[in-house]
$ cat work-v7.cif   # mmCIF, C-alpha atoms
data_coords
#
loop_
_atom_site.label_atom_id
_atom_site.label_comp_id
_atom_site.auth_asym_id
_atom_site.auth_seq_id
_atom_site.Cartn_x
_atom_site.Cartn_y
_atom_site.Cartn_z
CA MET I 1 -2.47 -20.33 -15.79
CA PHE I 2 -0.74 -18.16 -18.33
CA GLN I 3 -0.11 -15.26 -15.99
CA ASP I 4 1.60 -17.65 -13.57
CA THR I 5 3.89 -19.17 -16.19
CA MET I 6 4.78 -16.29 -18.51
CA THR I 7 8.40 -15.21 -18.32
CA ARG I 8 8.89 -12.24 -16.04
CA LYS I 9 11.98 -10.48 -17.33
CA PRO I 10 12.72 -8.19 -14.37
CA PHE I 11 13.17 -11.10 -11.94
CA SER I 12 16.34 -13.14 -11.39
CA PRO I 13 16.87 -16.60 -9.81
CA ALA I 14 17.67 -14.80 -6.54
CA HIS I 15 14.22 -13.20 -6.60
CA ASP I 16 12.64 -16.58 -7.35
CA LEU I 17 14.43 -18.17 -4.39
CA PHE I 18 13.25 -15.37 -2.13
CA ARG I 19 9.72 -15.83 -3.48
CA ASP I 20 9.76 -19.49 -2.39
CA GLN I 21 10.82 -18.43 1.10
CA VAL I 22 8.14 -15.74 1.33
CA ARG I 23 5.47 -18.12 0.07
CA ARG I 24 6.33 -20.64 2.77
CA PHE I 25 6.28 -17.90 5.40
CA VAL I 26 2.83 -16.74 4.29
CA GLU I 27 1.50 -20.28 4.29
CA THR I 28 2.79 -21.09 7.78
CA GLU I 29 2.87 -17.80 9.69
CA ILE I 30 0.02 -15.76 8.20
CA LEU I 31 -2.78 -17.76 6.58
CA PRO I 32 -3.49 -20.08 9.57
CA TYR I 33 -4.12 -17.04 11.79
CA HIS I 34 -5.75 -14.61 9.38
CA ASP I 35 -9.38 -15.45 10.20
CA ASP I 36 -8.69 -14.78 13.88
CA TRP I 37 -7.02 -11.51 13.01
CA ASP I 38 -10.08 -10.53 10.97
CA GLU I 39 -12.21 -11.08 14.05
CA GLN I 40 -9.83 -9.14 16.30
CA GLY I 41 -9.32 -6.27 13.85
CA VAL I 42 -5.54 -6.42 14.22
CA VAL I 43 -2.67 -8.83 13.61
CA SER I 44 -0.17 -9.99 16.23
CA ARG I 45 3.05 -8.10 16.86
CA GLU I 46 4.79 -11.47 16.77
CA VAL I 47 4.19 -11.87 13.05
CA TRP I 48 5.95 -8.53 12.47
CA LYS I 49 9.05 -9.75 14.31
CA LYS I 50 9.00 -13.04 12.43
CA ALA I 51 8.67 -11.19 9.13
CA GLY I 52 11.62 -9.01 10.10
CA ALA I 53 13.72 -12.08 10.89
CA ALA I 54 12.74 -13.53 7.49
CA GLY I 55 13.97 -10.41 5.66
CA MET I 56 10.49 -9.41 4.51
CA LEU I 57 10.42 -5.91 6.02
CA CYS I 58 12.13 -2.94 4.35
CA PRO I 59 14.36 -5.13 2.14
CA THR I 60 15.68 -2.08 0.26
CA VAL I 61 17.19 -0.49 3.39
CA PRO I 62 21.00 -0.38 3.07
CA GLU I 63 23.11 -2.87 5.00
CA ALA I 64 24.62 -0.01 7.00
CA TYR I 65 21.21 0.43 8.64
CA GLY I 66 20.43 -3.24 9.18
CA GLY I 67 18.72 -4.01 5.88
CA SER I 68 19.77 -6.28 3.07
CA GLY I 69 20.30 -3.47 0.55
CA ALA I 70 18.19 -5.38 -1.97
CA ASP I 71 16.47 -3.90 -5.00
CA TYR I 72 12.79 -2.98 -5.11
CA LEU I 73 11.86 -6.31 -6.71
CA PHE I 74 12.41 -8.06 -3.38
CA SER I 75 9.71 -5.79 -1.96
CA VAL I 76 7.53 -6.66 -4.94
CA VAL I 77 7.87 -10.37 -4.14
CA VAL I 78 6.54 -9.81 -0.62
CA ILE I 79 3.66 -7.66 -1.88
CA GLU I 80 2.65 -10.17 -4.56
CA GLU I 81 2.80 -13.29 -2.42
CA MET I 82 0.63 -11.74 0.27
CA ALA I 83 -1.79 -10.17 -2.20
CA ARG I 84 -2.43 -13.35 -4.18
CA VAL I 85 -3.75 -15.17 -1.11
CA GLY I 86 -5.66 -12.20 0.29
CA ALA I 87 -3.38 -11.66 3.30
CA THR I 88 -4.46 -8.06 3.77
CA GLY I 89 -4.00 -7.96 7.55
CA PRO I 90 -0.29 -7.33 8.08
CA GLY I 91 0.42 -3.78 6.92
CA PHE I 92 3.90 -4.65 5.71
CA SER I 93 3.70 -2.62 2.50
CA ILE I 94 2.55 0.50 4.38
CA HIS I 95 5.53 0.10 6.70
CA SER I 96 8.13 -0.86 4.07
CA GLU I 97 6.99 1.02 0.97
CA MET I 98 5.00 4.04 2.12
CA ALA I 99 6.62 5.11 5.40
CA ALA I 100 10.21 3.90 5.73
CA PRO I 101 11.28 5.27 2.29
CA TYR I 102 10.75 8.83 3.56
CA LEU I 103 13.26 8.12 6.29
CA GLU I 104 15.66 6.54 3.81
CA SER I 105 15.42 9.50 1.44
CA PHE I 106 15.13 12.49 3.77
CA GLY I 107 15.96 11.41 7.30
CA SER I 108 19.03 12.63 9.17
CA ASP I 109 21.85 10.23 9.95
CA ASP I 110 20.72 10.06 13.58
CA GLN I 111 17.10 9.36 12.59
CA LYS I 112 18.17 6.60 10.19
CA GLU I 113 20.64 5.03 12.59
CA TYR I 114 18.04 4.86 15.34
CA TRP I 115 14.89 3.87 13.46
CA LEU I 116 15.79 1.94 10.32
CA PRO I 117 17.30 -1.13 12.08
CA ARG I 118 14.21 -1.32 14.29
CA LEU I 119 11.89 -1.07 11.29
CA VAL I 120 13.83 -3.77 9.44
CA ARG I 121 13.62 -6.15 12.39
CA GLY I 122 9.93 -5.48 13.01
CA GLU I 123 10.69 -4.25 16.51
CA ALA I 124 9.09 -0.92 15.59
CA ILE I 125 6.09 -0.54 13.30
CA SER I 126 5.67 2.61 11.23
CA GLY I 127 2.76 4.43 9.64
CA LEU I 128 2.09 7.45 7.48
CA ALA I 129 -0.29 10.04 8.96
CA LEU I 130 -1.50 12.35 6.22
CA THR I 131 -5.28 12.19 5.76
CA GLU I 132 -7.66 14.23 7.91
CA PRO I 133 -11.45 14.33 8.15
CA GLY I 134 -11.47 17.41 5.93
CA ALA I 135 -8.31 16.82 3.91
CA GLY I 136 -7.83 13.75 1.76
CA SER I 137 -6.61 14.20 -1.80
CA ASP I 138 -6.15 17.94 -1.18
CA LEU I 139 -3.62 17.85 1.64
CA ARG I 140 -3.19 21.61 1.55
CA ARG I 141 -6.51 21.75 3.43
CA MET I 142 -5.08 19.95 6.45
CA THR I 143 -5.45 21.70 9.77
CA THR I 144 -2.99 19.75 11.91
CA SER I 145 -0.42 22.33 12.96
CA ALA I 146 3.17 22.26 14.16
CA LYS I 147 4.16 25.40 16.05
CA LYS I 148 7.87 25.98 16.48
CA THR I 149 9.17 26.60 20.00
CA ASN I 150 12.60 27.03 21.54
CA SER I 151 12.83 23.31 22.26
CA GLY I 152 11.09 21.89 19.18
CA TYR I 153 7.55 21.79 17.80
CA VAL I 154 4.10 21.44 19.32
CA LEU I 155 1.62 19.47 17.21
CA ASN I 156 -2.16 19.77 17.41
CA GLY I 157 -4.75 18.14 15.20
CA GLN I 158 -6.35 14.92 14.03
CA LYS I 159 -5.67 12.26 11.40
CA VAL I 160 -7.98 9.54 10.09
CA PHE I 161 -7.80 6.32 8.04
CA ILE I 162 -4.25 5.70 9.25
CA SER I 163 -2.99 2.18 8.49
CA ASN I 164 -1.02 0.48 11.29
CA GLY I 165 -2.75 2.99 13.54
CA GLN I 166 -3.23 0.65 16.50
CA LEU I 167 0.13 -1.13 16.33
CA GLY I 168 2.31 1.71 15.08
CA ASP I 169 5.26 2.82 17.21
CA VAL I 170 6.31 5.78 15.06
CA PHE I 171 4.40 7.85 12.52
CA PHE I 172 5.46 10.21 9.77
CA VAL I 173 3.04 13.04 10.45
CA ALA I 174 2.27 15.83 8.00
CA ALA I 175 1.52 19.13 9.73
CA LYS I 176 1.24 22.78 8.81
CA THR I 177 4.29 24.83 9.82
CA LYS I 178 2.77 27.81 8.05
CA ASN I 179 -0.96 28.59 8.18
CA GLU I 180 -1.42 28.97 4.45
CA TYR I 181 -2.98 27.04 1.58
CA ALA I 182 0.35 26.55 -0.13
CA THR I 183 2.76 23.80 -1.10
CA ASP I 184 5.47 25.16 1.20
CA SER I 185 3.20 25.15 4.26
CA VAL I 186 3.58 21.48 5.20
CA SER I 187 6.39 19.62 6.95
CA LEU I 188 6.89 15.99 7.98
CA PHE I 189 7.66 14.97 11.55
CA LEU I 190 8.58 11.75 13.29
CA VAL I 191 6.17 11.23 16.18
CA GLU I 192 6.53 8.33 18.57
CA ALA I 193 3.34 6.78 19.88
CA GLU I 194 4.53 7.10 23.49
CA THR I 195 4.85 10.88 23.26
CA PRO I 196 2.59 12.67 25.77
CA GLY I 197 -0.48 14.12 24.08
CA PHE I 198 -0.54 11.49 21.33
CA LYS I 199 -3.68 9.38 21.42
CA ARG I 200 -5.00 6.58 19.24
CA GLY I 201 -8.67 6.76 18.39
CA ARG I 202 -10.90 3.81 17.62
CA ASN I 203 -9.90 0.99 15.33
CA LEU I 204 -12.18 1.80 12.40
CA LYS I 205 -14.55 -0.90 11.14
CA LYS I 206 -14.27 -1.41 7.39
CA ILE I 207 -16.10 -3.46 4.77
CA GLY I 208 -12.85 -5.25 3.92
CA ALA I 209 -9.25 -5.75 5.07
CA LYS I 210 -10.68 -6.18 8.55
CA ALA I 211 -7.44 -7.46 10.09
CA GLN I 212 -5.58 -4.34 9.01
CA ASP I 213 -5.73 -1.86 11.89
CA THR I 214 -6.94 1.47 10.53
CA SER I 215 -7.32 4.25 13.05
CA GLU I 216 -7.90 7.82 14.01
CA LEU I 217 -4.93 9.59 15.58
CA PHE I 218 -5.10 12.66 17.81
CA PHE I 219 -2.39 15.20 18.69
CA ASP I 220 -3.04 17.34 21.75
CA ASN I 221 -0.05 19.60 22.39
CA VAL I 222 2.34 16.86 21.32
CA GLU I 223 5.87 18.15 21.82
CA VAL I 224 8.68 16.81 19.65
CA PRO I 225 12.28 18.04 19.46
CA HIS I 226 13.66 19.94 16.48
CA GLU I 227 15.50 16.75 15.53
CA ASN I 228 12.17 15.08 14.70
CA LEU I 229 11.63 17.28 11.68
CA VAL I 230 12.16 15.13 8.57
CA GLY I 231 14.56 16.99 6.32
CA GLU I 232 16.83 19.92 6.95
CA GLU I 233 14.22 22.69 6.78
CA GLU I 234 10.51 23.37 7.19
CA GLY I 235 8.04 23.52 4.34
CA LYS I 236 9.45 20.62 2.34
CA GLY I 237 6.67 18.16 3.18
CA PHE I 238 4.93 18.31 -0.20
CA PHE I 239 8.19 17.87 -2.08
CA GLN I 240 9.02 14.86 0.09
CA LEU I 241 5.58 13.34 -0.44
CA MET I 242 5.66 13.91 -4.20
CA HIS I 243 9.09 12.30 -4.35
CA GLY I 244 7.69 8.97 -3.19
CA LEU I 245 4.37 8.92 -5.02
CA ALA I 246 5.52 7.07 -8.15
CA ARG I 247 6.85 4.19 -6.05
CA GLU I 248 3.75 4.16 -3.86
CA ARG I 249 1.40 4.02 -6.83
CA LEU I 250 3.46 1.36 -8.54
CA THR I 251 3.26 -0.61 -5.28
CA ILE I 252 -0.54 -0.33 -5.37
CA ALA I 253 -0.57 -1.46 -9.01
CA VAL I 254 1.61 -4.47 -8.13
CA SER I 255 -0.73 -5.41 -5.30
CA SER I 256 -3.95 -4.89 -7.27
CA LEU I 257 -2.76 -7.07 -10.12
CA ALA I 258 -1.64 -9.85 -7.78
CA LYS I 259 -4.96 -9.74 -5.92
CA SER I 260 -6.77 -10.01 -9.26
CA GLU I 261 -4.65 -12.99 -10.25
CA GLY I 262 -5.38 -14.65 -6.93
CA ALA I 263 -9.14 -14.14 -7.30
CA PHE I 264 -9.01 -15.54 -10.82
CA ARG I 265 -7.07 -18.58 -9.68
CA GLU I 266 -9.73 -19.35 -7.07
CA THR I 267 -12.46 -18.87 -9.66
CA LEU I 268 -10.87 -21.22 -12.18
CA ALA I 269 -10.61 -23.95 -9.57
CA TYR I 270 -14.25 -23.46 -8.53
CA ALA I 271 -15.61 -23.34 -12.09
CA ALA I 272 -13.76 -26.52 -13.02
CA GLU I 273 -15.52 -28.43 -10.20
CA ARG I 274 -18.93 -26.76 -9.98
CA GLU I 275 -21.75 -28.68 -11.72
CA LEU I 276 -24.84 -27.06 -13.23
CA PHE I 277 -27.48 -28.86 -15.29
CA HIS I 278 -25.27 -31.98 -15.39
CA LYS I 279 -22.35 -30.01 -16.80
CA LYS I 280 -19.27 -28.43 -15.35
CA LEU I 281 -19.49 -24.65 -15.15
CA THR I 282 -16.48 -24.47 -17.47
CA ASP I 283 -18.44 -26.37 -20.16
CA PHE I 284 -20.71 -23.39 -20.76
CA GLN I 285 -19.67 -20.97 -23.48
CA ASN I 286 -20.59 -17.96 -21.35
CA THR I 287 -18.18 -19.14 -18.64
CA GLN I 288 -15.45 -19.72 -21.19
CA PHE I 289 -15.90 -16.25 -22.65
CA LYS I 290 -15.87 -14.60 -19.23
CA LEU I 291 -12.73 -16.48 -18.20
CA ALA I 292 -11.06 -15.53 -21.48
CA GLU I 293 -11.92 -11.87 -20.95
CA VAL I 294 -10.47 -11.85 -17.44
CA GLN I 295 -7.37 -13.75 -18.55
CA THR I 296 -6.77 -11.21 -21.30
CA GLU I 297 -6.96 -8.28 -18.88
CA LEU I 298 -4.60 -10.04 -16.47
CA THR I 299 -2.12 -10.64 -19.26
CA VAL I 300 -2.26 -6.98 -20.28
CA GLY I 301 -1.85 -5.97 -16.64
CA ARG I 302 1.11 -8.26 -16.12
CA CYS I 303 2.87 -6.85 -19.20
CA LEU I 304 2.17 -3.30 -18.01
CA VAL I 305 3.30 -3.77 -14.41
CA ASP I 306 6.46 -5.71 -15.25
CA ARG I 307 7.45 -3.11 -17.83
CA LEU I 308 7.00 -0.34 -15.27
CA LEU I 309 9.02 -2.30 -12.72
CA GLU I 310 11.88 -2.21 -15.20
CA ASP I 311 11.33 1.53 -15.72
CA TYR I 312 11.43 2.13 -11.97
CA LEU I 313 14.64 0.15 -11.55
CA ASN I 314 16.15 2.26 -14.33
CA ASN I 315 14.96 5.50 -12.65
CA ASP I 316 12.69 6.11 -15.63
CA LEU I 317 9.20 5.90 -14.11
CA SER I 318 7.30 9.17 -14.40
CA ALA I 319 4.59 10.32 -12.03
CA ASP I 320 1.90 10.36 -14.74
CA THR I 321 2.78 6.84 -15.91
CA ALA I 322 2.61 5.55 -12.34
CA ALA I 323 -0.76 7.27 -11.98
CA ALA I 324 -1.97 5.59 -15.17
CA ALA I 325 -0.84 2.20 -13.87
CA LYS I 326 -2.60 2.76 -10.56
CA LEU I 327 -5.76 3.87 -12.33
CA TRP I 328 -5.90 0.96 -14.79
CA THR I 329 -4.95 -1.86 -12.45
CA THR I 330 -7.33 -0.84 -9.66
CA GLU I 331 -10.23 -0.37 -12.05
CA MET I 332 -9.36 -3.72 -13.65
CA GLN I 333 -9.31 -5.33 -10.21
CA GLY I 334 -12.86 -4.13 -9.63
CA ARG I 335 -14.00 -5.62 -12.94
CA THR I 336 -12.18 -8.88 -12.25
CA VAL I 337 -13.56 -9.60 -8.79
CA ASP I 338 -17.06 -8.65 -9.92
CA THR I 339 -16.90 -11.11 -12.82
CA CYS I 340 -15.41 -13.81 -10.63
CA LEU I 341 -18.00 -13.40 -7.89
CA GLN I 342 -20.76 -13.75 -10.49
CA LEU I 343 -19.39 -17.14 -11.51
CA PHE I 344 -19.59 -18.31 -7.90
CA GLY I 345 -23.30 -17.50 -7.80
CA GLY I 346 -24.82 -17.23 -4.34
CA TRP I 347 -21.77 -18.75 -2.70
CA GLY I 348 -19.75 -15.79 -3.90
CA TYR I 349 -21.70 -13.58 -1.51
CA MET I 350 -20.75 -15.69 1.49
CA TRP I 351 -17.88 -14.29 3.60
CA GLU I 352 -16.41 -17.79 4.08
CA TYR I 353 -15.44 -17.81 0.40
CA PRO I 354 -12.24 -15.93 -0.48
CA ILE I 355 -13.93 -14.30 -3.49
CA ALA I 356 -16.37 -12.48 -1.18
CA ARG I 357 -13.49 -10.99 0.78
CA ALA I 358 -11.63 -10.16 -2.43
CA TYR I 359 -14.72 -8.35 -3.71
CA ALA I 360 -15.12 -6.27 -0.54
CA GLU I 361 -11.42 -5.47 -0.29
CA ALA I 362 -11.02 -4.45 -3.92
CA ARG I 363 -13.20 -1.37 -3.56
CA VAL I 364 -10.74 0.64 -1.50
CA GLU I 365 -8.01 0.40 -4.14
CA ARG I 366 -9.78 2.98 -6.30
CA VAL I 367 -9.71 5.41 -3.36
CA ALA I 368 -6.51 4.80 -1.36
CA GLY I 369 -3.26 6.29 -2.58
CA GLY I 370 -5.16 8.86 -4.61
CA SER I 371 -8.62 8.22 -6.05
CA SER I 372 -9.21 7.24 -9.66
CA GLU I 373 -10.46 10.77 -10.29
CA VAL I 374 -7.21 12.24 -8.94
CA MET I 375 -5.21 9.85 -11.14
CA LYS I 376 -7.16 11.03 -14.19
CA SER I 377 -6.44 14.64 -13.27
CA ILE I 378 -2.71 13.91 -12.97
CA ILE I 379 -2.65 12.13 -16.31
CA CYS I 380 -4.58 14.89 -18.06
CA LYS I 381 -2.44 17.62 -16.51
CA SER I 382 0.69 15.90 -17.81
CA LEU I 383 -0.90 15.43 -21.23
CA PHE I 384 -1.87 19.08 -21.51
CA LYS I 385 1.59 20.15 -20.40
CA LYS I 386 3.24 18.04 -23.09
CA MET I 387 0.88 19.50 -25.70
CA ASP I 388 1.30 23.02 -24.30
CA ILE I 389 -2.44 23.32 -23.63
CA LYS I 390 -3.39 25.61 -20.79
CA ALA I 391 -6.10 24.53 -18.36
CA ASP I 392 -7.10 25.27 -14.77
CA PHE I 393 -6.25 22.30 -12.52
CA SER I 394 -6.46 24.20 -9.24
#

$ encode --input "work-v7.cif" --output "structure tokens"
Amino acid sequence: MFQDTMTRKPFSPAHDLFRDQVRRFVETEILPYHDDWDEQGVVSREVWKKAGAAGMLCPTVPEAYGGSGADYLFSVVVIEEMARVGATGPGFSIHSEMAAPYLESFGSDDQKEYWLPRLVRGEAISGLALTEPGAGSDLRRMTTSAKKTNSGYVLNGQKVFISNGQLGDVFFVAAKTKNEYATDSVSLFLVEAETPGFKRGRNLKKIGAKAQDTSELFFDNVEVPHENLVGEEEGKGFFQLMHGLARERLTIAVSSLAKSEGAFRETLAYAAERELFHKKLTDFQNTQFKLAEVQTELTVGRCLVDRLLEDYLNNDLSADTAAAAKLWTTEMQGRTVDTCLQLFGGWGYMWEYPIARAYAEARVERVAGGSSEVMKSIICKSLFKKMDIKADFS
């Protein structure tokens, strides 16, 4: 397929070699067990340790903290190779790209020296605890509090939809250090799962990504020392979260595109073999047109994502551009899997077929990491600012 053979300028032979290694790992250590993990609602801890030994976790962490000090493209390789085959169970990208970077960027030397080597090796699994039942996109509405005491902070509250919630050993928890609806009211804390008062809720049942443990978390007078505050002072949580959003949304775009490519690959193979009215499905003009439309969108997506990967590596990726990429690729993913499932006919609705799982799992991409509506608001806000147009975005 064209999207598999087109030259990808950001990647070097070293990235290609790593991709071969990751692909073999996925084929031998993940895919044979994924159906069982779907049934259990969680993956094994062993696969995390094996992934750590293979260099697949937190590859951008500096060598001084146990990582390989690689560039972001090595992370991209892991994301793509897992996404293309629908390996949604292991929450590696949450751990490596949406949790650990906050420690890399804002953690103290002691925090980094203790946790980063463990995260790299897969000995400790991390998660990001932001969303609450009443606070999703608008995190200023969160009610989880962190009250300062002489010995540290006492956290009380609840989080929901937390990836790696059942397996996680340490969470980056957003909590209010000031009871106000303001951007300087939130701070980030490192909370270990073994801390008294911390409790995992149920492993939430989802329509897709069933092997990925997604949980409620509860904090009942959870005491953490002052040293568990992420950053040097309180009230910097929103700044810290905004700092990582461009990378997080680019990560989602990378994953969504790769998942779309994987679904299309499965569909091409099926259509080439499926017979209807004594013809192959690919002999029908309607099929040819649909395949051409999907291929065109995938080509556009590949050009977009690879260009933005270069921008990110050059420290030139803006928040509004990352939002646009997240918006377009996730919406495109929805269109792609819907078209592909239609070509499978009734079999496409059967869970045993990968396209059925791809269809169910695609829906969350337009919600997680900021909904499509939030992305549109970000893009429009940036547009109005550039044009010096005043509007109320509160």

$ resolve_selection --input "work-v7.cif" --expression "the PyMOL selection byres ((chain I and resi 23) around 12)" --output "list in words"
Asp16, Leu17, Phe18, Arg19, Asp20, Gln21, Val22, Arg24, Phe25, Val26, Glu27, Thr28, Glu29, Ile30, Leu31, Ala51, Ala54, Met56, Val77, Val78, Ile79, Glu80, Glu81, Met82, Ala83, Arg84, Val85 and Ala87 of chain I

$ write_last_selection --input "work-v7.cif" --atoms "C-alpha atoms" --output "mmCIF file, keeping the file's coordinate frame"
data_model
loop_
_atom_site.group_PDB
_atom_site.id
_atom_site.type_symbol
_atom_site.label_atom_id
_atom_site.label_comp_id
_atom_site.auth_asym_id
_atom_site.auth_seq_id
_atom_site.Cartn_x
_atom_site.Cartn_y
_atom_site.Cartn_z
ATOM 1 C CA ASP I 16 12.640 -16.580 -7.350
ATOM 2 C CA LEU I 17 14.430 -18.170 -4.390
ATOM 3 C CA PHE I 18 13.250 -15.370 -2.130
ATOM 4 C CA ARG I 19 9.720 -15.830 -3.480
ATOM 5 C CA ASP I 20 9.760 -19.490 -2.390
ATOM 6 C CA GLN I 21 10.820 -18.430 1.100
ATOM 7 C CA VAL I 22 8.140 -15.740 1.330
ATOM 8 C CA ARG I 24 6.330 -20.640 2.770
ATOM 9 C CA PHE I 25 6.280 -17.900 5.400
ATOM 10 C CA VAL I 26 2.830 -16.740 4.290
ATOM 11 C CA GLU I 27 1.500 -20.280 4.290
ATOM 12 C CA THR I 28 2.790 -21.090 7.780
ATOM 13 C CA GLU I 29 2.870 -17.800 9.690
ATOM 14 C CA ILE I 30 0.020 -15.760 8.200
ATOM 15 C CA LEU I 31 -2.780 -17.760 6.580
ATOM 16 C CA ALA I 51 8.670 -11.190 9.130
ATOM 17 C CA ALA I 54 12.740 -13.530 7.490
ATOM 18 C CA MET I 56 10.490 -9.410 4.510
ATOM 19 C CA VAL I 77 7.870 -10.370 -4.140
ATOM 20 C CA VAL I 78 6.540 -9.810 -0.620
ATOM 21 C CA ILE I 79 3.660 -7.660 -1.880
ATOM 22 C CA GLU I 80 2.650 -10.170 -4.560
ATOM 23 C CA GLU I 81 2.800 -13.290 -2.420
ATOM 24 C CA MET I 82 0.630 -11.740 0.270
ATOM 25 C CA ALA I 83 -1.790 -10.170 -2.200
ATOM 26 C CA ARG I 84 -2.430 -13.350 -4.180
ATOM 27 C CA VAL I 85 -3.750 -15.170 -1.110
ATOM 28 C CA ALA I 87 -3.380 -11.660 3.300
#

$ resolve_selection --input "work-v7.cif" --expression "the PyMOL selection byres ((chain I and resi 227) around 10)" --output "VMD selection string"
chain I and resid 107 to 108 110 to 111 151 to 153 189 to 190 224 to 226 228 to 232

$ axis_aligned_box --input "work-v7.cif" --around "segment 248-259 of chain I" --padding-each-side "4 Å" --output "lines of an AutoDock Vina configuration file"
center_x = -0.6
center_y = -2.8
center_z = -7.0
size_x = 16.7
size_y = 22.0
size_z = 14.3

$ atom_distance --input "work-v7.cif" --atom1 "atom CA of Lys290 of chain I" --atom2 "atom CA of Cys303 of chain I"
20.3 Å

$ resolve_selection --input "work-v7.cif" --expression "the PyMOL selection byres ((chain I and resi 247) around 12)" --output "number ranges by chain"
I: 72-73, 75-76, 93-94, 96-99, 101-102, 241-246, 248-254, 308-309, 311-313, 315-323, 325-326, 369

$ write_last_selection --input "work-v7.cif" --atoms "C-alpha atoms" --output "PDB file, in the frame of the given file"
ATOM      1  CA  TYR I  72      12.790  -2.980  -5.110  1.00  0.00           C
ATOM      2  CA  LEU I  73      11.860  -6.310  -6.710  1.00  0.00           C
ATOM      3  CA  SER I  75       9.710  -5.790  -1.960  1.00  0.00           C
ATOM      4  CA  VAL I  76       7.530  -6.660  -4.940  1.00  0.00           C
ATOM      5  CA  SER I  93       3.700  -2.620   2.500  1.00  0.00           C
ATOM      6  CA  ILE I  94       2.550   0.500   4.380  1.00  0.00           C
ATOM      7  CA  SER I  96       8.130  -0.860   4.070  1.00  0.00           C
ATOM      8  CA  GLU I  97       6.990   1.020   0.970  1.00  0.00           C
ATOM      9  CA  MET I  98       5.000   4.040   2.120  1.00  0.00           C
ATOM     10  CA  ALA I  99       6.620   5.110   5.400  1.00  0.00           C
ATOM     11  CA  PRO I 101      11.280   5.270   2.290  1.00  0.00           C
ATOM     12  CA  TYR I 102      10.750   8.830   3.560  1.00  0.00           C
ATOM     13  CA  LEU I 241       5.580  13.340  -0.440  1.00  0.00           C
ATOM     14  CA  MET I 242       5.660  13.910  -4.200  1.00  0.00           C
ATOM     15  CA  HIS I 243       9.090  12.300  -4.350  1.00  0.00           C
ATOM     16  CA  GLY I 244       7.690   8.970  -3.190  1.00  0.00           C
ATOM     17  CA  LEU I 245       4.370   8.920  -5.020  1.00  0.00           C
ATOM     18  CA  ALA I 246       5.520   7.070  -8.150  1.00  0.00           C
ATOM     19  CA  GLU I 248       3.750   4.160  -3.860  1.00  0.00           C
ATOM     20  CA  ARG I 249       1.400   4.020  -6.830  1.00  0.00           C
ATOM     21  CA  LEU I 250       3.460   1.360  -8.540  1.00  0.00           C
ATOM     22  CA  THR I 251       3.260  -0.610  -5.280  1.00  0.00           C
ATOM     23  CA  ILE I 252      -0.540  -0.330  -5.370  1.00  0.00           C
ATOM     24  CA  ALA I 253      -0.570  -1.460  -9.010  1.00  0.00           C
ATOM     25  CA  VAL I 254       1.610  -4.470  -8.130  1.00  0.00           C
ATOM     26  CA  LEU I 308       7.000  -0.340 -15.270  1.00  0.00           C
ATOM     27  CA  LEU I 309       9.020  -2.300 -12.720  1.00  0.00           C
ATOM     28  CA  ASP I 311      11.330   1.530 -15.720  1.00  0.00           C
ATOM     29  CA  TYR I 312      11.430   2.130 -11.970  1.00  0.00           C
ATOM     30  CA  LEU I 313      14.640   0.150 -11.550  1.00  0.00           C
ATOM     31  CA  ASN I 315      14.960   5.500 -12.650  1.00  0.00           C
ATOM     32  CA  ASP I 316      12.690   6.110 -15.630  1.00  0.00           C
ATOM     33  CA  LEU I 317       9.200   5.900 -14.110  1.00  0.00           C
ATOM     34  CA  SER I 318       7.300   9.170 -14.400  1.00  0.00           C
ATOM     35  CA  ALA I 319       4.590  10.320 -12.030  1.00  0.00           C
ATOM     36  CA  ASP I 320       1.900  10.360 -14.740  1.00  0.00           C
ATOM     37  CA  THR I 321       2.780   6.840 -15.910  1.00  0.00           C
ATOM     38  CA  ALA I 322       2.610   5.550 -12.340  1.00  0.00           C
ATOM     39  CA  ALA I 323      -0.760   7.270 -11.980  1.00  0.00           C
ATOM     40  CA  ALA I 325      -0.840   2.200 -13.870  1.00  0.00           C
ATOM     41  CA  LYS I 326      -2.600   2.760 -10.560  1.00  0.00           C
ATOM     42  CA  GLY I 369      -3.260   6.290  -2.580  1.00  0.00           C
TER      43      GLY I 369
END

$ closest_residue --input "work-v7.cif" --among "I:Phe238, I:Ala211, I:Leu167, I:Gly89" --to "Leu139 of chain I" --atoms "only C-alpha atoms"
I:Phe238

$ residues_around --input "work-v7.cif" --residues "Leu281 of chain I" --least-positions-apart "3" --cutoff "12 Å" --atoms "all atoms listed in the file" --output "list in words"
Thr267, Leu268, Ala269, Tyr270, Ala271, Ala272, Glu273, Arg274, Glu275, Leu276, Phe277, His278, Phe284, Gln285, Asn286, Thr287, Gln288, Phe289, Lys290, Leu291, Gln342, Leu343, Phe344 and Gly345 of chain I

$ closest_residue --input "work-v7.cif" --among "I:Gly136, I:Asn221, I:Leu103, I:Lys159" --to "Leu188 of chain I" --atoms "all atoms listed in the file"
I:Leu103

$ closest_residue --input "work-v7.cif" --among "I:Phe74, I:Pro196, I:Gly41, I:His95" --to "Ser12 of chain I" --atoms "only C-alpha atoms"
I:Phe74

$ residues_near_point --input "work-v7.cif" --point "(-12.0, -3.7, -5.3)" --cutoff "10 Å" --atoms "all atoms listed in the file" --output "JSON, numbers by chain"
{"I": [208, 256, 259, 260, 330, 331, 332, 333, 334, 335, 336, 337, 338, 357, 358, 359, 360, 361, 362, 363, 364, 365, 366, 367]}

$ closest_residue --input "work-v7.cif" --among "I:Asp138, I:Thr149, I:Arg45, I:Gly86" --to "Ala258 of chain I" --atoms "all atoms listed in the file"
I:Gly86

$ atom_distance --input "work-v7.cif" --atom1 "atom CA of Arg8 of chain I" --atom2 "atom CA of Asp306 of chain I"
7.0 Å
